[in-house]
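Novice: Quick one: this structure, given as structure tokens, is what I'll be asking you about.
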Amino acid sequence: MTLNLAGQFRALVMAVAVGLTAAPTAHAADAAIPTTPEAGSFKIGIEPWLGYGQWHVAEAKGLFKTNGLSDVQIVNFAEDKGINAALASGQLDAANIATHTAMGMVAAGLPVKIVLLLDVSMTADAIVAGKDVTSIAGLKGKQVAFEEGTTSDILLKYALARNGMSVADIQPVPMPAADAGGALIAGQVPVAVTYEPYLTVAMAQNKDVKLLFTAGEDPGLISDVLVVRDEVIKSRPGQVLAMIKSWDAALKDYNADTSGGRAIIAKAVGSDVKDLNTAFDGVRYYSLAENKTALTGDFTTKTFADVEAAAKNAKLLQADVTPEQMIDPSFVKAAE
């Protein structure tokens, strides 16, 4: 999930959202949320990441229609920049994005709110090393392959900071996350930062490759959220509520038939399910019940601050943002 926030969102917002940025902040709590969705389509942006997979389950099992949504359009994007531009220009009603991406959007002036915590990465994002490096302290002076401006960047700099170090203490080797594991296996670098399924591939091909530091060291640091444009929250709150109910219904179905759910998600992201089982195990999906607690609890009081600090340290966020201006928990409160 690549980011280039400093200027990208700012330019988009200035170009296409002048009217929106002047609008008052919309909160669903200002009025009762209708239990029947408004008529019309609901367009949600998505990328091929299994953390967003419950939307594919909802679509395959007809759960959108069960919750009164007659026309949910899941719009696929290959890169962050595409989904970001579509959201900023109003071509999408909502999008599935990383938490720190959402922060960058709001800091740049895009009027969106987090209405649902989708997933957190536990072991699906990690720093991996060969046999000669056994700790984060051991990264000092070493070459480390990672993709700049991404979740890998966030994780690496967070791990270094927790050990009293910074990127100045290592030799950065910028490359796509998809290539970082291969560089480690080939002996081109002693350390790499990447995510699933590349982690599993690297460890399967070289028994000396091991997990050195995972996102699970601070659950939520690498996490994904559903953001909805303020205008949609104000004009179509019933649709937003129905989408949240659909996610929860899909997750219940997934938990009841995990193998079937994983097959649906794997097909949707273009992979073979057998290649993704370890990746699935490294991701924690969040239910409606867990959201009711998280969005008014730890995610707001602790995780948000951790992500903001990590994003600033990685120079992916240049302005302060607050939970109050970004998180709208009223929909998960209203959902049953």
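Chain identifiers are assigned as A, B, and so on, following the order in which chains appear in the structure tokens; residues are numbered from 1 within each chain, and ligands are numbered from 1 in order of appearance.
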Counting only C-alpha atoms, which residues of region 218-291 of chain A fall within 12 Å of region 143-160 of chain A, and what is the closest atom pair for each with its distance in Å at one decimal, ordered by chain and rising number, as a Markdown table?
Specialist:
| residue | atom | partner | partner_atom | distance |
| --- | --- | --- | --- | --- |
| A:Asp218 | CA | A:Tyr158 | CA | 9.6 |
| A:Pro219 | CA | A:Leu155 | CA | 11.4 |
| A:Gly220 | CA | A:Leu155 | CA | 11.2 |
| A:Leu221 | CA | A:Leu155 | CA | 7.8 |
| A:Ile222 | CA | A:Thr151 | CA | 6.6 |
| A:Ser223 | CA | A:Thr151 | CA | 9.2 |
| A:Asp224 | CA | A:Thr151 | CA | 10.8 |
Novice: Quick one: everything within 12 Å of Asp253 (chain A), counting only C-alpha atoms, minus sequence neighbours fewer than 2 positions away in the same chain. Send it as a PDB file with N, CA and C atoms, in the first residue's frame.
Specialist:
ATOM      1  N   GLN A  54     -13.718  -9.205   3.504  1.00  0.00           N
ATOM      2  CA  GLN A  54     -15.110  -9.456   3.878  1.00  0.00           C
ATOM      3  C   GLN A  54     -16.100  -8.773   2.936  1.00  0.00           C
ATOM      4  N   TRP A  55     -15.668  -7.744   2.228  1.00  0.00           N
ATOM      5  CA  TRP A  55     -16.551  -7.142   1.231  1.00  0.00           C
ATOM      6  C   TRP A  55     -16.804  -8.127   0.082  1.00  0.00           C
ATOM      7  N   HIS A  56     -15.795  -8.909  -0.259  1.00  0.00           N
ATOM      8  CA  HIS A  56     -15.964  -9.902  -1.321  1.00  0.00           C
ATOM      9  C   HIS A  56     -16.890 -11.029  -0.856  1.00  0.00           C
ATOM     10  N   VAL A  57     -16.772 -11.394   0.416  1.00  0.00           N
ATOM     11  CA  VAL A  57     -17.670 -12.403   0.969  1.00  0.00           C
ATOM     12  C   VAL A  57     -19.108 -11.876   0.956  1.00  0.00           C
ATOM     13  N   ALA A  58     -19.278 -10.620   1.348  1.00  0.00           N
ATOM     14  CA  ALA A  58     -20.615 -10.015   1.365  1.00  0.00           C
ATOM     15  C   ALA A  58     -21.234 -10.021  -0.028  1.00  0.00           C
ATOM     16  N   GLU A  59     -20.413  -9.704  -1.015  1.00  0.00           N
ATOM     17  CA  GLU A  59     -20.915  -9.684  -2.392  1.00  0.00           C
ATOM     18  C   GLU A  59     -21.280 -11.089  -2.865  1.00  0.00           C
ATOM     19  N   ALA A  60     -20.401 -12.044  -2.604  1.00  0.00           N
ATOM     20  CA  ALA A  60     -20.626 -13.416  -3.069  1.00  0.00           C
ATOM     21  C   ALA A  60     -21.828 -14.071  -2.400  1.00  0.00           C
ATOM     22  N   LYS A  61     -22.080 -13.721  -1.153  1.00  0.00           N
ATOM     23  CA  LYS A  61     -23.167 -14.340  -0.397  1.00  0.00           C
ATOM     24  C   LYS A  61     -24.464 -13.529  -0.414  1.00  0.00           C
ATOM     25  N   GLY A  62     -24.497 -12.445  -1.181  1.00  0.00           N
ATOM     26  CA  GLY A  62     -25.724 -11.656  -1.274  1.00  0.00           C
ATOM     27  C   GLY A  62     -26.069 -10.885  -0.023  1.00  0.00           C
ATOM     28  N   LEU A  63     -25.073 -10.566   0.800  1.00  0.00           N
ATOM     29  CA  LEU A  63     -25.342  -9.940   2.091  1.00  0.00           C
ATOM     30  C   LEU A  63     -25.632  -8.448   1.984  1.00  0.00           C
ATOM     31  N   SER A 246     -23.331  -5.204   6.754  1.00  0.00           N
ATOM     32  CA  SER A 246     -22.937  -6.205   5.756  1.00  0.00           C
ATOM     33  C   SER A 246     -21.547  -6.751   6.040  1.00  0.00           C
ATOM     34  N   TRP A 247     -20.608  -5.877   6.444  1.00  0.00           N
ATOM     35  CA  TRP A 247     -19.267  -6.334   6.816  1.00  0.00           C
ATOM     36  C   TRP A 247     -19.354  -7.338   7.961  1.00  0.00           C
ATOM     37  N   ASP A 248     -20.151  -6.999   8.979  1.00  0.00           N
ATOM     38  CA  ASP A 248     -20.249  -7.875  10.144  1.00  0.00           C
ATOM     39  C   ASP A 248     -20.904  -9.205   9.781  1.00  0.00           C
ATOM     40  N   ALA A 249     -21.926  -9.161   8.940  1.00  0.00           N
ATOM     41  CA  ALA A 249     -22.579 -10.397   8.496  1.00  0.00           C
ATOM     42  C   ALA A 249     -21.605 -11.270   7.710  1.00  0.00           C
ATOM     43  N   ALA A 250     -20.774 -10.636   6.878  1.00  0.00           N
ATOM     44  CA  ALA A 250     -19.784 -11.379   6.103  1.00  0.00           C
ATOM     45  C   ALA A 250     -18.747 -12.020   7.018  1.00  0.00           C
ATOM     46  N   LEU A 251     -18.326 -11.304   8.043  1.00  0.00           N
ATOM     47  CA  LEU A 251     -17.329 -11.843   8.962  1.00  0.00           C
ATOM     48  C   LEU A 251     -17.895 -13.029   9.739  1.00  0.00           C
ATOM     49  N   ASN A 255     -16.312 -16.701   9.609  1.00  0.00           N
ATOM     50  CA  ASN A 255     -15.918 -17.462  10.803  1.00  0.00           C
ATOM     51  C   ASN A 255     -16.609 -18.818  10.863  1.00  0.00           C
ATOM     52  N   ALA A 256     -17.817 -18.898  10.301  1.00  0.00           N
ATOM     53  CA  ALA A 256     -18.552 -20.165  10.288  1.00  0.00           C
ATOM     54  C   ALA A 256     -18.033 -21.107   9.203  1.00  0.00           C
ATOM     55  N   ASP A 257     -17.509 -20.552   8.132  1.00  0.00           N
ATOM     56  CA  ASP A 257     -16.974 -21.343   7.009  1.00  0.00           C
ATOM     57  C   ASP A 257     -15.701 -20.671   6.520  1.00  0.00           C
ATOM     58  N   THR A 258     -14.663 -20.786   7.325  1.00  0.00           N
ATOM     59  CA  THR A 258     -13.418 -20.075   7.035  1.00  0.00           C
ATOM     60  C   THR A 258     -12.780 -20.526   5.724  1.00  0.00           C
ATOM     61  N   SER A 259     -12.782 -21.806   5.456  1.00  0.00           N
ATOM     62  CA  SER A 259     -12.159 -22.277   4.207  1.00  0.00           C
ATOM     63  C   SER A 259     -12.908 -21.738   3.003  1.00  0.00           C
ATOM     64  N   GLY A 260     -14.233 -21.720   3.081  1.00  0.00           N
ATOM     65  CA  GLY A 260     -15.029 -21.183   1.980  1.00  0.00           C
ATOM     66  C   GLY A 260     -14.824 -19.691   1.815  1.00  0.00           C
ATOM     67  N   GLY A 261     -14.756 -18.973   2.929  1.00  0.00           N
ATOM     68  CA  GLY A 261     -14.528 -17.533   2.878  1.00  0.00           C
ATOM     69  C   GLY A 261     -13.167 -17.191   2.315  1.00  0.00           C
ATOM     70  N   ARG A 262     -12.165 -17.962   2.709  1.00  0.00           N
ATOM     71  CA  ARG A 262     -10.811 -17.711   2.195  1.00  0.00           C
ATOM     72  C   ARG A 262     -10.731 -17.981   0.701  1.00  0.00           C
ATOM     73  N   ILE A 264     -13.153 -17.510  -1.436  1.00  0.00           N
ATOM     74  CA  ILE A 264     -13.792 -16.359  -2.084  1.00  0.00           C
ATOM     75  C   ILE A 264     -12.819 -15.181  -2.149  1.00  0.00           C
ATOM     76  N   SER A 287     -14.750  -7.360  14.106  1.00  0.00           N
ATOM     77  CA  SER A 287     -16.199  -7.492  14.035  1.00  0.00           C
ATOM     78  C   SER A 287     -16.873  -6.199  14.482  1.00  0.00           C
TER      79      SER A 287
END
Novice: Report the residues of region 146-281 of chain A whose backbone DSSP state falls under helix (DSSP H, G or I), written as an MDAnalysis selection string.
Specialist: chainID A and resid 151:162 167:169 177:185 198:205 215:217 230:235 237:256 258:269 273:275 277:281
Novice: Take the residues from that selection and write them out as an mmCIF file, in the first residue's frame, keeping C-alpha atoms.
Specialist:
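Here's the written file result.cif:
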data_model
loop_
_atom_site.group_PDB
_atom_site.id
_atom_site.type_symbol
_atom_site.label_atom_id
_atom_site.label_comp_id
_atom_site.auth_asym_id
_atom_site.auth_seq_id
_atom_site.Cartn_x
_atom_site.Cartn_y
_atom_site.Cartn_z
ATOM 1 C CA THR A 151 3.567 0.286 5.549
ATOM 2 C CA SER A 152 7.035 -1.286 5.407
ATOM 3 C CA ASP A 153 8.551 2.164 5.915
ATOM 4 C CA ILE A 154 6.263 2.752 8.911
ATOM 5 C CA LEU A 155 7.125 -0.600 10.498
ATOM 6 C CA LEU A 156 10.877 -0.294 10.024
ATOM 7 C CA LYS A 157 11.143 3.186 11.485
ATOM 8 C CA TYR A 158 8.864 2.252 14.372
ATOM 9 C CA ALA A 159 11.045 -0.761 15.218
ATOM 10 C CA LEU A 160 14.206 1.339 15.021
ATOM 11 C CA ALA A 161 12.757 4.064 17.247
ATOM 12 C CA ARG A 162 11.679 1.501 19.844
ATOM 13 C CA VAL A 167 17.130 5.188 9.701
ATOM 14 C CA ALA A 168 20.488 6.950 9.909
ATOM 15 C CA ASP A 169 21.812 3.877 11.732
ATOM 16 C CA ALA A 177 8.092 -4.788 -1.094
ATOM 17 C CA ALA A 178 7.466 -7.517 -3.672
ATOM 18 C CA ASP A 179 11.218 -7.620 -4.396
ATOM 19 C CA ALA A 180 12.612 -7.141 -0.890
ATOM 20 C CA GLY A 181 12.177 -10.771 0.199
ATOM 21 C CA GLY A 182 13.819 -11.976 -3.003
ATOM 22 C CA ALA A 183 16.787 -9.699 -2.399
ATOM 23 C CA LEU A 184 17.210 -11.256 1.043
ATOM 24 C CA ILE A 185 17.013 -14.799 -0.311
ATOM 25 C CA TYR A 198 6.216 -12.467 0.264
ATOM 26 C CA LEU A 199 7.136 -13.309 3.873
ATOM 27 C CA THR A 200 5.969 -16.905 3.506
ATOM 28 C CA VAL A 201 7.760 -17.273 0.173
ATOM 29 C CA ALA A 202 11.037 -15.996 1.634
ATOM 30 C CA MET A 203 10.918 -18.282 4.668
ATOM 31 C CA ALA A 204 9.921 -21.289 2.551
ATOM 32 C CA GLN A 205 12.858 -20.810 0.181
ATOM 33 C CA ALA A 215 3.414 -5.493 13.220
ATOM 34 C CA GLY A 216 1.885 -7.451 16.090
ATOM 35 C CA GLU A 217 4.428 -5.830 18.426
ATOM 36 C CA ASP A 230 -18.544 13.583 4.900
ATOM 37 C CA GLU A 231 -21.090 14.453 2.223
ATOM 38 C CA VAL A 232 -22.172 10.796 2.030
ATOM 39 C CA ILE A 233 -22.353 10.498 5.814
ATOM 40 C CA LYS A 234 -24.675 13.489 5.841
ATOM 41 C CA SER A 235 -26.860 12.604 2.846
ATOM 42 C CA PRO A 237 -26.336 7.611 6.529
ATOM 43 C CA GLY A 238 -28.665 4.635 6.057
ATOM 44 C CA GLN A 239 -26.419 3.249 3.345
ATOM 45 C CA VAL A 240 -23.346 3.646 5.546
ATOM 46 C CA LEU A 241 -25.058 1.791 8.382
ATOM 47 C CA ALA A 242 -26.116 -1.004 6.029
ATOM 48 C CA MET A 243 -22.542 -1.351 4.736
ATOM 49 C CA ILE A 244 -21.264 -1.814 8.282
ATOM 50 C CA LYS A 245 -23.947 -4.427 8.966
ATOM 51 C CA SER A 246 -22.937 -6.205 5.756
ATOM 52 C CA TRP A 247 -19.267 -6.334 6.816
ATOM 53 C CA ASP A 248 -20.249 -7.875 10.144
ATOM 54 C CA ALA A 249 -22.579 -10.397 8.496
ATOM 55 C CA ALA A 250 -19.784 -11.379 6.103
ATOM 56 C CA LEU A 251 -17.329 -11.843 8.962
ATOM 57 C CA LYS A 252 -19.786 -14.080 10.802
ATOM 58 C CA ASP A 253 -20.184 -16.144 7.629
ATOM 59 C CA TYR A 254 -16.399 -16.263 7.217
ATOM 60 C CA ASN A 255 -15.918 -17.462 10.803
ATOM 61 C CA ALA A 256 -18.552 -20.165 10.288
ATOM 62 C CA THR A 258 -13.418 -20.075 7.035
ATOM 63 C CA SER A 259 -12.159 -22.277 4.207
ATOM 64 C CA GLY A 260 -15.029 -21.183 1.980
ATOM 65 C CA GLY A 261 -14.528 -17.533 2.878
ATOM 66 C CA ARG A 262 -10.811 -17.711 2.195
ATOM 67 C CA ALA A 263 -11.485 -19.258 -1.199
ATOM 68 C CA ILE A 264 -13.792 -16.359 -2.084
ATOM 69 C CA ILE A 265 -11.249 -13.770 -0.960
ATOM 70 C CA ALA A 266 -8.280 -15.477 -2.626
ATOM 71 C CA LYS A 267 -10.121 -15.577 -5.938
ATOM 72 C CA ALA A 268 -11.041 -11.901 -5.605
ATOM 73 C CA VAL A 269 -7.433 -10.831 -5.011
ATOM 74 C CA VAL A 273 -5.877 -19.892 -1.501
ATOM 75 C CA LYS A 274 -3.119 -22.371 -0.566
ATOM 76 C CA ASP A 275 -0.567 -19.597 -1.089
ATOM 77 C CA ASN A 277 -3.220 -19.363 4.337
ATOM 78 C CA THR A 278 -0.231 -18.058 6.289
ATOM 79 C CA ALA A 279 -1.112 -14.542 5.216
ATOM 80 C CA PHE A 280 -4.690 -14.983 6.442
ATOM 81 C CA ASP A 281 -3.365 -16.236 9.772
#
Novice: Let me make sure I understand: among A:Pro174, A:Pro34, A:Gly104, A:Pro190, which one has the smallest atom-to-atom distance to Lys315 (chain A) if we use only C-alpha atoms?
Specialist: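 Smallest distance to Lys315 (chain A) is found for A:Gly104.
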